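See structure below.
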Amino acid sequence: MQFPLARITIGFVIGILLAYYLQPYPEIVFILLSIAILGFVVAYLFSIRNSVNTIYFGITTYILALGIGATTQIIHTNLYQKTNYIHTKNIFEKPHLVSVIIREKLKSSSFNDRYIALINQVDQTNSSGRILLNVQKDSLTPPFKIGSHLLIDGSLYKNKPAKNPNQFDYTKYLQGIQIYAQIYADGSNIKIGSIIDKDAWYYSSILRTKILNNLEKSKFNKDELNVAAALILGQQQDISPEIIRDYQYAGAVHILSVSGLHIGFILLFVTFILKPIPNNRHGSLFKLIIILVSLAAFGIIAGLAPSVVRSVVMFSFVAIGMYLRRSTNIFHTLLVSILLILLFQPSFLFDVGFQLSYIALFFILWLQPLLAQLWKPKNKIVNYFWEILTVSFAAQIGAFPLSIYYFHQFPGLFFVTNLVVIPFLSIIMALGVLVMVLAAFDYVPFYLAKALEWSIYILDKIINSIASVEQFIIQDIPFNWYFLMSLNLLIITTIIWFKKPSFGKLTFVLISIIILQLTYFETHWNIQNQKELVIFSAKKNTLITERIGENVTLFANDSLLKTVSKNRTIKTYLMGNFSHLRTTKKLRNTLFFNGNKILVLDSLSLYPNNSNPDILVLTQSPRINLERLFENKKPKIVIADATNFRTYIKLWKATCIKEKIPFHATAEKGFYKLD
């Protein structure tokens with residue numbers, strides 16, 4: 001922390017966070033930045049004139065770093081740009097003629113090929129911004145090349161928030177990568193332009209496609225080829241969900257995305273190849289240039305993902321340190337890479353992979369040497385595996401809270417996986433890089449390709465065997481923001497105390513334990529004192545839950561009650577509310593909650609004449625005349641869940657507006673909660 005750049009980086013990151021969450025007016029941020037610059041200059045001149053480093057100079061420096069961070073976030077947020085398509089008049093109300101450039105191919109869904117595209121024009125008006133393009137799958141419409149210009153006649157749809165409680169917020173994720181809308185189209189609505197933008201993304205895509213096509217021609221097995229593309233080229237689009245699930249359960253999913261492990265190997269590999277070149281002034285400079293170019297080229301080929309960019313930048317600084325022959329402080333290198341990356345792409349700060357990779361790497365550098373000192377084997381082979389084990393535990397301890405917070409599961413056999421996979425991965429990487437470099441020149445050696453294929457096949461089998469031991473896979477772990485912060489505090493204070501034990505440090509550990517306990521009791525107290533009824537948004541089944549404290553009662557039809565243990569919507573709700581399913585009941589026409597009478601009308605459209613409900617729930621498209629029903633019954637609100645036909649929902653909504661009765665359609669607005 002005495003390294004000035006550490007405190008400057010912290011100020012810079014705080015500035016990004018403030019601008020992201022507070023979303024201030026850009027003009028205010030620019031004015032505050034100007035004031036910070038002026039204060040910094042005055043403090044600097046004062047310190048120079050008096051030949052003393054005053055506290056005011058330090059304070060103004062950190063305020064300036066904070067201001068630069070906030071300004072960087074504002075400048076790089078497309079939403080603030082006046083040309084962004086989100087500001088176009090009636091952008092979501094009617095169809096438009098949209099001109100886009102394909103930037104990235106995503107994993108396809110069951111019905112659509114998906115792309116990230118850059119908008120050029122909307123209805124002949126110059127525009128900008130990123131959009132998610134969904135193209136209906138059609139044998140007559142081949143996948144579009146990166147850099148292709150398309151003219152699309154279609155409607156833009158604003159990203160919708162999660163429809164059910166505690167679900168993954170895909171809208172927030174898209175907003176984090178500057179995508180604010182989607183467009184759906186089929187081949188008949190798309191005109192392909194003759195011009196292709198030949199930039200770095202285009203050439204990297206062409207090279208990847210060429211390599212994979214040459215490997216396919218050599219009869220490389222499809223499943224193993226998809227894993228090889230992820231391991232070496234950073235392309236996960238075509239990996240089957242079953243293989244990804246196995247890697248997740250085994251705690252090895254990180255190796256499917258190119259990160260520090262892969263970039264570090266590339267650095268060692270290129271350094272080994274260049275070893276015959278003498279280490280004189282010109283030879284060392286030549287080596288450095290080749291290494292930096294190789295790392296940058298690999299990063300571009302791997303798609304410039306946040307983890308790839310982070311690793312390339314960091315190992316580039318390591319290579320420069322090697323060239324200057326200085327014992328670079330690796331923590332300083334880490335900080336410089338963070339600052340540089342966020343300066344050019346602040347949105348990476350909110351990327352889960354970016355966060356996990358940096359935290360894991362920091363704990364490897366900080367905690368692993370301490371764990372390694374616990375035992376020092378004399379045998380080199382035993383020591384090699386001991387180092388792998390300590391690295392695995394250090395990374396897992398650091399990433400554990402954040403990993404549980406995002407994914408709510410923990411692979412108990414992660415250390416077994418790493419002991420087996422890491423030595424094996426070095427062989428696969430060596431073979432893979434060699435085979436793919438040769439494939440780029442249209443030459444695929446049969447025996448090398450088969451060796452790579454069989455290596456990946458064995459790796460997949462090992463991963464599958466570990467993942468199949470389901471007793472060690474802990475899933476659906478309830479975990480919130482308060483647990484995340486208190487558990488991180490406990491881990492950090494414990495490691496600080498463990499490094500140099502003292503009574504003062506032990507006091508902080510005990511305080512951290514008390515804070516974690518208070519967090520648990522506060523969360524438990526809040527849950528116990530809550531009472532709510534939730535009508536979910538589900539297309540196939542009607543889902544209604546009543547939660548009193550941590551006990552949940554589910555009302556649904558018979559078909560769902562038989563498979564409720566596999567229903568992801570219910571499991572997510574229970575996990576998010578630290579609750580458990582106490583009872584399940586068949587859905588009936590009348591429910592009571594907190595003094596409210598709830599009438600549920602299904603496809604049979606049957607209801608008691610003497611019923612006077614406070615809340616009317618329409619489900620399974622009942623054929624009912626609401627105007628006639630409202631003559632005798634005046635509910636406080638009408639709720640239509642997602643199982644109803646859209647035409648029915650439109651009619652009911654118009655009737656409720658006419659009768660001045662609130663109407664809530666879960667298909668449009670998401671779940672309805674009564675508490």
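Here, A, B, ... name the chains of the structure tokens in the order displayed, residue numbers run from 1 inside each chain, and ligands are numbered from 1 in the same displayed order.
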
What parts of stretch 232-268 of chain A does DSSP call helix (DSSP H, G or I)? I'd like the answer as an mmCIF file with all heavy atoms, in the first residue's frame.
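result.cif, freshly written:
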data_model
loop_
_atom_site.group_PDB
_atom_site.id
_atom_site.type_symbol
_atom_site.label_atom_id
_atom_site.label_comp_id
_atom_site.auth_asym_id
_atom_site.auth_seq_id
_atom_site.Cartn_x
_atom_site.Cartn_y
_atom_site.Cartn_z
ATOM 1 N N ILE A 232 -7.606 -23.255 -26.284
ATOM 2 C CA ILE A 232 -6.493 -22.574 -26.950
ATOM 3 C C ILE A 232 -6.928 -21.309 -27.666
ATOM 4 O O ILE A 232 -6.192 -20.319 -27.699
ATOM 5 C CB ILE A 232 -5.800 -23.555 -27.930
ATOM 6 C CG1 ILE A 232 -5.260 -24.746 -27.133
ATOM 7 C CG2 ILE A 232 -4.666 -22.879 -28.687
ATOM 8 C CD1 ILE A 232 -5.093 -25.989 -27.900
ATOM 9 N N LEU A 233 -8.144 -21.296 -28.209
ATOM 10 C CA LEU A 233 -8.606 -20.128 -28.962
ATOM 11 C C LEU A 233 -9.647 -19.304 -28.204
ATOM 12 O O LEU A 233 -10.100 -18.276 -28.698
ATOM 13 C CB LEU A 233 -9.197 -20.581 -30.305
ATOM 14 C CG LEU A 233 -8.245 -21.346 -31.235
ATOM 15 C CD1 LEU A 233 -8.974 -21.755 -32.510
ATOM 16 C CD2 LEU A 233 -7.027 -20.497 -31.578
ATOM 17 N N PRO A 241 -23.665 -28.341 -23.535
ATOM 18 C CA PRO A 241 -23.991 -27.999 -22.136
ATOM 19 C C PRO A 241 -23.551 -29.079 -21.149
ATOM 20 O O PRO A 241 -23.194 -28.767 -20.013
ATOM 21 C CB PRO A 241 -25.518 -27.864 -22.157
ATOM 22 C CG PRO A 241 -25.867 -27.568 -23.584
ATOM 23 C CD PRO A 241 -24.849 -28.297 -24.409
ATOM 24 N N GLU A 242 -23.558 -30.337 -21.584
ATOM 25 C CA GLU A 242 -23.168 -31.438 -20.697
ATOM 26 C C GLU A 242 -21.690 -31.344 -20.317
ATOM 27 O O GLU A 242 -21.320 -31.549 -19.151
ATOM 28 C CB GLU A 242 -23.442 -32.793 -21.365
ATOM 29 C CG GLU A 242 -24.917 -33.122 -21.560
ATOM 30 C CD GLU A 242 -25.537 -32.381 -22.737
ATOM 31 O OE1 GLU A 242 -24.776 -31.889 -23.602
ATOM 32 O OE2 GLU A 242 -26.781 -32.284 -22.783
ATOM 33 N N ILE A 243 -20.839 -31.008 -21.306
ATOM 34 C CA ILE A 243 -19.399 -30.889 -21.026
ATOM 35 C C ILE A 243 -19.142 -29.695 -20.108
ATOM 36 O O ILE A 243 -18.350 -29.778 -19.157
ATOM 37 C CB ILE A 243 -18.607 -30.758 -22.343
ATOM 38 C CG1 ILE A 243 -18.659 -32.081 -23.115
ATOM 39 C CG2 ILE A 243 -17.154 -30.373 -22.066
ATOM 40 C CD1 ILE A 243 -17.959 -32.049 -24.459
ATOM 41 N N ILE A 244 -19.795 -28.560 -20.376
ATOM 42 C CA ILE A 244 -19.626 -27.375 -19.524
ATOM 43 C C ILE A 244 -20.066 -27.682 -18.099
ATOM 44 O O ILE A 244 -19.402 -27.284 -17.130
ATOM 45 C CB ILE A 244 -20.422 -26.184 -20.096
ATOM 46 C CG1 ILE A 244 -19.779 -25.703 -21.399
ATOM 47 C CG2 ILE A 244 -20.490 -25.042 -19.083
ATOM 48 C CD1 ILE A 244 -20.499 -24.559 -22.058
ATOM 49 N N ARG A 245 -21.185 -28.414 -17.956
ATOM 50 C CA ARG A 245 -21.672 -28.778 -16.622
ATOM 51 C C ARG A 245 -20.659 -29.647 -15.890
ATOM 52 O O ARG A 245 -20.399 -29.449 -14.695
ATOM 53 C CB ARG A 245 -23.006 -29.511 -16.745
ATOM 54 C CG ARG A 245 -23.654 -29.852 -15.394
ATOM 55 C CD ARG A 245 -24.773 -30.840 -15.582
ATOM 56 N NE ARG A 245 -24.284 -32.062 -16.199
ATOM 57 C CZ ARG A 245 -25.024 -32.882 -16.928
ATOM 58 N NH1 ARG A 245 -26.289 -32.602 -17.162
ATOM 59 N NH2 ARG A 245 -24.503 -33.991 -17.451
ATOM 60 N N ASP A 246 -20.049 -30.603 -16.591
ATOM 61 C CA ASP A 246 -19.033 -31.456 -15.968
ATOM 62 C C ASP A 246 -17.851 -30.628 -15.470
ATOM 63 O O ASP A 246 -17.352 -30.844 -14.355
ATOM 64 C CB ASP A 246 -18.541 -32.512 -16.968
ATOM 65 C CG ASP A 246 -19.547 -33.630 -17.181
ATOM 66 O OD1 ASP A 246 -20.499 -33.728 -16.374
ATOM 67 O OD2 ASP A 246 -19.400 -34.384 -18.161
ATOM 68 N N TYR A 247 -17.394 -29.688 -16.287
ATOM 69 C CA TYR A 247 -16.260 -28.840 -15.884
ATOM 70 C C TYR A 247 -16.637 -27.953 -14.702
ATOM 71 O O TYR A 247 -15.794 -27.690 -13.821
ATOM 72 C CB TYR A 247 -15.791 -27.983 -17.066
ATOM 73 C CG TYR A 247 -14.824 -28.705 -17.988
ATOM 74 C CD1 TYR A 247 -15.275 -29.631 -18.918
ATOM 75 C CD2 TYR A 247 -13.457 -28.463 -17.928
ATOM 76 C CE1 TYR A 247 -14.407 -30.296 -19.760
ATOM 77 C CE2 TYR A 247 -12.569 -29.120 -18.760
ATOM 78 C CZ TYR A 247 -13.048 -30.041 -19.677
ATOM 79 O OH TYR A 247 -12.167 -30.701 -20.500
ATOM 80 N N GLN A 248 -17.887 -27.499 -14.646
ATOM 81 C CA GLN A 248 -18.340 -26.689 -13.510
ATOM 82 C C GLN A 248 -18.365 -27.521 -12.235
ATOM 83 O O GLN A 248 -17.869 -27.089 -11.197
ATOM 84 C CB GLN A 248 -19.745 -26.139 -13.794
ATOM 85 C CG GLN A 248 -19.781 -25.018 -14.821
ATOM 86 C CD GLN A 248 -21.204 -24.608 -15.163
ATOM 87 O OE1 GLN A 248 -22.149 -25.375 -14.970
ATOM 88 N NE2 GLN A 248 -21.357 -23.412 -15.698
ATOM 89 N N TYR A 249 -18.939 -28.710 -12.314
ATOM 90 C CA TYR A 249 -19.058 -29.563 -11.134
ATOM 91 C C TYR A 249 -17.693 -30.029 -10.635
ATOM 92 O O TYR A 249 -17.517 -30.259 -9.434
ATOM 93 C CB TYR A 249 -19.925 -30.785 -11.438
ATOM 94 C CG TYR A 249 -21.407 -30.477 -11.552
ATOM 95 C CD1 TYR A 249 -22.323 -31.468 -11.885
ATOM 96 C CD2 TYR A 249 -21.893 -29.192 -11.326
ATOM 97 C CE1 TYR A 249 -23.688 -31.192 -11.984
ATOM 98 C CE2 TYR A 249 -23.241 -28.903 -11.432
ATOM 99 C CZ TYR A 249 -24.130 -29.899 -11.760
ATOM 100 O OH TYR A 249 -25.466 -29.627 -11.861
ATOM 101 N N VAL A 253 -13.961 -25.242 -14.676
ATOM 102 C CA VAL A 253 -14.539 -24.477 -15.777
ATOM 103 C C VAL A 253 -13.628 -23.323 -16.194
ATOM 104 O O VAL A 253 -13.691 -22.844 -17.330
ATOM 105 C CB VAL A 253 -15.942 -23.964 -15.375
ATOM 106 C CG1 VAL A 253 -15.855 -22.844 -14.336
ATOM 107 C CG2 VAL A 253 -16.722 -23.505 -16.597
ATOM 108 N N HIS A 254 -12.727 -22.895 -15.272
ATOM 109 C CA HIS A 254 -11.837 -21.775 -15.595
ATOM 110 C C HIS A 254 -10.864 -22.102 -16.727
ATOM 111 O O HIS A 254 -10.395 -21.191 -17.403
ATOM 112 C CB HIS A 254 -11.052 -21.342 -14.356
ATOM 113 C CG HIS A 254 -10.221 -22.439 -13.759
ATOM 114 N ND1 HIS A 254 -10.773 -23.434 -12.971
ATOM 115 C CD2 HIS A 254 -8.899 -22.713 -13.835
ATOM 116 C CE1 HIS A 254 -9.808 -24.250 -12.586
ATOM 117 N NE2 HIS A 254 -8.673 -23.844 -13.103
ATOM 118 N N ILE A 255 -10.568 -23.373 -16.938
ATOM 119 C CA ILE A 255 -9.611 -23.700 -17.994
ATOM 120 C C ILE A 255 -10.259 -23.642 -19.377
ATOM 121 O O ILE A 255 -9.561 -23.668 -20.391
ATOM 122 C CB ILE A 255 -8.952 -25.085 -17.778
ATOM 123 C CG1 ILE A 255 -9.941 -26.221 -18.019
ATOM 124 C CG2 ILE A 255 -8.338 -25.176 -16.407
ATOM 125 C CD1 ILE A 255 -9.307 -27.596 -17.986
ATOM 126 N N LEU A 256 -11.603 -23.553 -19.428
ATOM 127 C CA LEU A 256 -12.280 -23.442 -20.718
ATOM 128 C C LEU A 256 -12.277 -22.013 -21.257
ATOM 129 O O LEU A 256 -12.708 -21.769 -22.381
ATOM 130 C CB LEU A 256 -13.724 -23.944 -20.611
ATOM 131 C CG LEU A 256 -13.901 -25.446 -20.396
ATOM 132 C CD1 LEU A 256 -15.376 -25.787 -20.286
ATOM 133 C CD2 LEU A 256 -13.248 -26.245 -21.520
ATOM 134 N N GLY A 260 -4.828 -16.389 -17.274
ATOM 135 C CA GLY A 260 -3.413 -16.300 -16.937
ATOM 136 C C GLY A 260 -2.671 -17.611 -17.103
ATOM 137 O O GLY A 260 -1.486 -17.625 -17.463
ATOM 138 N N LEU A 261 -3.360 -18.728 -16.828
ATOM 139 C CA LEU A 261 -2.726 -20.034 -16.980
ATOM 140 C C LEU A 261 -2.266 -20.255 -18.415
ATOM 141 O O LEU A 261 -1.153 -20.718 -18.679
ATOM 142 C CB LEU A 261 -3.716 -21.127 -16.559
ATOM 143 C CG LEU A 261 -3.196 -22.563 -16.485
ATOM 144 C CD1 LEU A 261 -2.183 -22.692 -15.372
ATOM 145 C CD2 LEU A 261 -4.346 -23.526 -16.255
ATOM 146 N N HIS A 262 -3.116 -19.887 -19.373
ATOM 147 C CA HIS A 262 -2.808 -20.084 -20.786
ATOM 148 C C HIS A 262 -1.777 -19.072 -21.286
ATOM 149 O O HIS A 262 -0.820 -19.426 -21.989
ATOM 150 C CB HIS A 262 -4.089 -19.966 -21.616
ATOM 151 C CG HIS A 262 -5.190 -20.871 -21.165
ATOM 152 N ND1 HIS A 262 -5.917 -20.632 -20.020
ATOM 153 C CD2 HIS A 262 -5.706 -22.010 -21.709
ATOM 154 C CE1 HIS A 262 -6.815 -21.597 -19.864
ATOM 155 N NE2 HIS A 262 -6.718 -22.427 -20.877
ATOM 156 N N ILE A 263 -1.963 -17.787 -20.908
ATOM 157 C CA ILE A 263 -1.036 -16.749 -21.367
ATOM 158 C C ILE A 263 0.350 -16.968 -20.770
ATOM 159 O O ILE A 263 1.364 -16.754 -21.431
ATOM 160 C CB ILE A 263 -1.563 -15.346 -20.998
ATOM 161 C CG1 ILE A 263 -2.975 -15.136 -21.554
ATOM 162 C CG2 ILE A 263 -0.623 -14.265 -21.511
ATOM 163 C CD1 ILE A 263 -3.080 -15.163 -23.052
ATOM 164 N N GLY A 264 0.399 -17.409 -19.505
ATOM 165 C CA GLY A 264 1.685 -17.721 -18.881
ATOM 166 C C GLY A 264 2.420 -18.824 -19.627
ATOM 167 O O GLY A 264 3.650 -18.769 -19.800
ATOM 168 N N PHE A 265 1.653 -19.819 -20.068
ATOM 169 C CA PHE A 265 2.281 -20.891 -20.840
ATOM 170 C C PHE A 265 2.823 -20.368 -22.171
ATOM 171 O O PHE A 265 3.920 -20.757 -22.596
ATOM 172 C CB PHE A 265 1.278 -22.016 -21.100
ATOM 173 C CG PHE A 265 1.843 -23.105 -21.979
ATOM 174 C CD1 PHE A 265 2.650 -24.092 -21.453
ATOM 175 C CD2 PHE A 265 1.594 -23.118 -23.345
ATOM 176 C CE1 PHE A 265 3.190 -25.079 -22.262
ATOM 177 C CE2 PHE A 265 2.128 -24.097 -24.161
ATOM 178 C CZ PHE A 265 2.925 -25.086 -23.617
ATOM 179 N N ILE A 266 2.066 -19.485 -22.828
ATOM 180 C CA ILE A 266 2.527 -18.914 -24.092
ATOM 181 C C ILE A 266 3.834 -18.159 -23.892
ATOM 182 O O ILE A 266 4.773 -18.266 -24.697
ATOM 183 C CB ILE A 266 1.450 -17.969 -24.688
ATOM 184 C CG1 ILE A 266 0.169 -18.747 -25.022
ATOM 185 C CG2 ILE A 266 1.979 -17.255 -25.930
ATOM 186 C CD1 ILE A 266 0.330 -19.805 -26.081
ATOM 187 N N LEU A 267 3.925 -17.398 -22.775
ATOM 188 C CA LEU A 267 5.162 -16.663 -22.476
ATOM 189 C C LEU A 267 6.332 -17.623 -22.303
ATOM 190 O O LEU A 267 7.422 -17.405 -22.870
ATOM 191 C CB LEU A 267 4.958 -15.826 -21.208
ATOM 192 C CG LEU A 267 6.187 -15.074 -20.689
ATOM 193 C CD1 LEU A 267 6.685 -14.066 -21.708
ATOM 194 C CD2 LEU A 267 5.875 -14.381 -19.369
ATOM 195 N N LEU A 268 6.126 -18.697 -21.532
ATOM 196 C CA LEU A 268 7.198 -19.679 -21.333
ATOM 197 C C LEU A 268 7.562 -20.382 -22.633
ATOM 198 O O LEU A 268 8.745 -20.634 -22.921
ATOM 199 C CB LEU A 268 6.755 -20.713 -20.286
ATOM 200 C CG LEU A 268 6.578 -20.204 -18.851
ATOM 201 C CD1 LEU A 268 6.003 -21.309 -17.970
ATOM 202 C CD2 LEU A 268 7.902 -19.713 -18.292
#

| field | For A:Ser110: contacts at 12 Å, only C-alpha atoms, fewer than 2 positions along chain excluded, given as a ChimeraX atom specification | value | /A:107-108,112-114,134-138

| Exercise: stretch 584-586 of chain A partners within 10 Å, only C-alpha atoms, chain neighbours under 5 positions left out, as a ChimeraX atom specification | /A:545,552-562,564

| said: Which residues are close to A:Ile8, i.e. within 10 Å by only C-alpha atoms, leaving aside same-chain residues fewer than 4 positions away? Reply as a list in words. | reply: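 Non-adjacent residues within range: Phe3, Pro4, Phe12, Val13, Ile14, Gly58, Thr61, Tyr62, Ile63, Leu64, Ala65, Leu66, Gly69, Leu335 and Leu339 of chain A.
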
| request: Between A:Ile527, A:Val308, A:Ala181, A:Cys656, single out the one closest to A:Gly129, counting only C-alpha atoms. | output: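 Closest to A:Gly129 of all the choices is A:Ala181.
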
| field | Separation of atom CA of A:Tyr672 from atom CA of A:Ile535, in Å and rounded to one decimal | value |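 About the pair atom CA of A:Tyr672 and atom CA of A:Ile535: they are 5.2 Å apart.
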
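Ranking A:Arg628, A:Lys158, A:Lys633, A:Lys172 by their shortest atom-to-atom distance to A:Pro613, with only C-alpha atoms included, puts A:Lys633 first.
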
| query | Contacts of stretch 79-93 of chain A at 8 Å or less, counting only C-alpha atoms, minus same-chain residues fewer than 5 places along, as a PyMOL selection string? | reply | chain A and resi 26+74+119+122+126-129+155-158+178+180

| request: With a distance cut-off of 8 Å and only C-alpha atoms, select the neighbouring residues of A:Thr271, excluding the residue or stretch itself and same-chain residues fewer than 4 positions from it, and output the selection as a ChimeraX atom specification. | output: /A:267,275,287,291

May I have a table of the residues of stretch 163-250 of chain A lying at most 10 Å from stretch 570-578 of chain A, giving each one's closest pair of atoms and their distance in Å to one decimal, counting only C-alpha atoms, ordered by chain and ascending residue number, as CSV?
residue,atom,partner,partner_atom,distance
A:Asn164,CA,A:Tyr573,CA,8.1
A:Pro165,CA,A:Tyr573,CA,6.1
A:Asn166,CA,A:Gly576,CA,5.6
A:Gln167,CA,A:Thr572,CA,6.5
A:Phe168,CA,A:Thr572,CA,9.2

| message | Would you compute the distance between atom CA of A:Leu374 and atom CA of A:Phe410? Give it in Å to one decimal. | response |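 Here the two named atoms are 25.1 Å from each other.
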
| query | Residues of stretch 512-554 of chain A in strand (DSSP E or B) according to DSSP, as a list in words? | reply | Lys531, Glu532, Leu533, Val534, Ile535, Ile544, Thr545, Glu546, Arg547, Ile548, Asn551, Val552, Thr553 and Leu554 of chain A

| request: Counting only C-alpha atoms, figure out which residue out of A:Leu97, A:Ala395, A:Ala451, A:Leu274 gets nearest to A:Lys191. | output: A:Leu97

Which residues of stretch 34-119 of chain A come within 10 Å of stretch 343-348 of chain A, and what is each one's closest atom pair and distance in Å (one decimal), counting only C-alpha atoms, sorted by chain and residue number, as a tab-separated table?
residue	atom	partner	partner_atom	distance
A:Ile68	CA	A:Leu343	CA	8.9
A:Gly69	CA	A:Leu343	CA	7.7
A:Ala70	CA	A:Pro346	CA	9.6
A:Thr72	CA	A:Leu343	CA	6.6
A:Gln73	CA	A:Pro346	CA	5.8
A:Ile74	CA	A:Pro346	CA	9.4
A:Ile75	CA	A:Pro346	CA	9.7
A:His76	CA	A:Gln345	CA	7.1
A:Thr77	CA	A:Ser347	CA	8.2
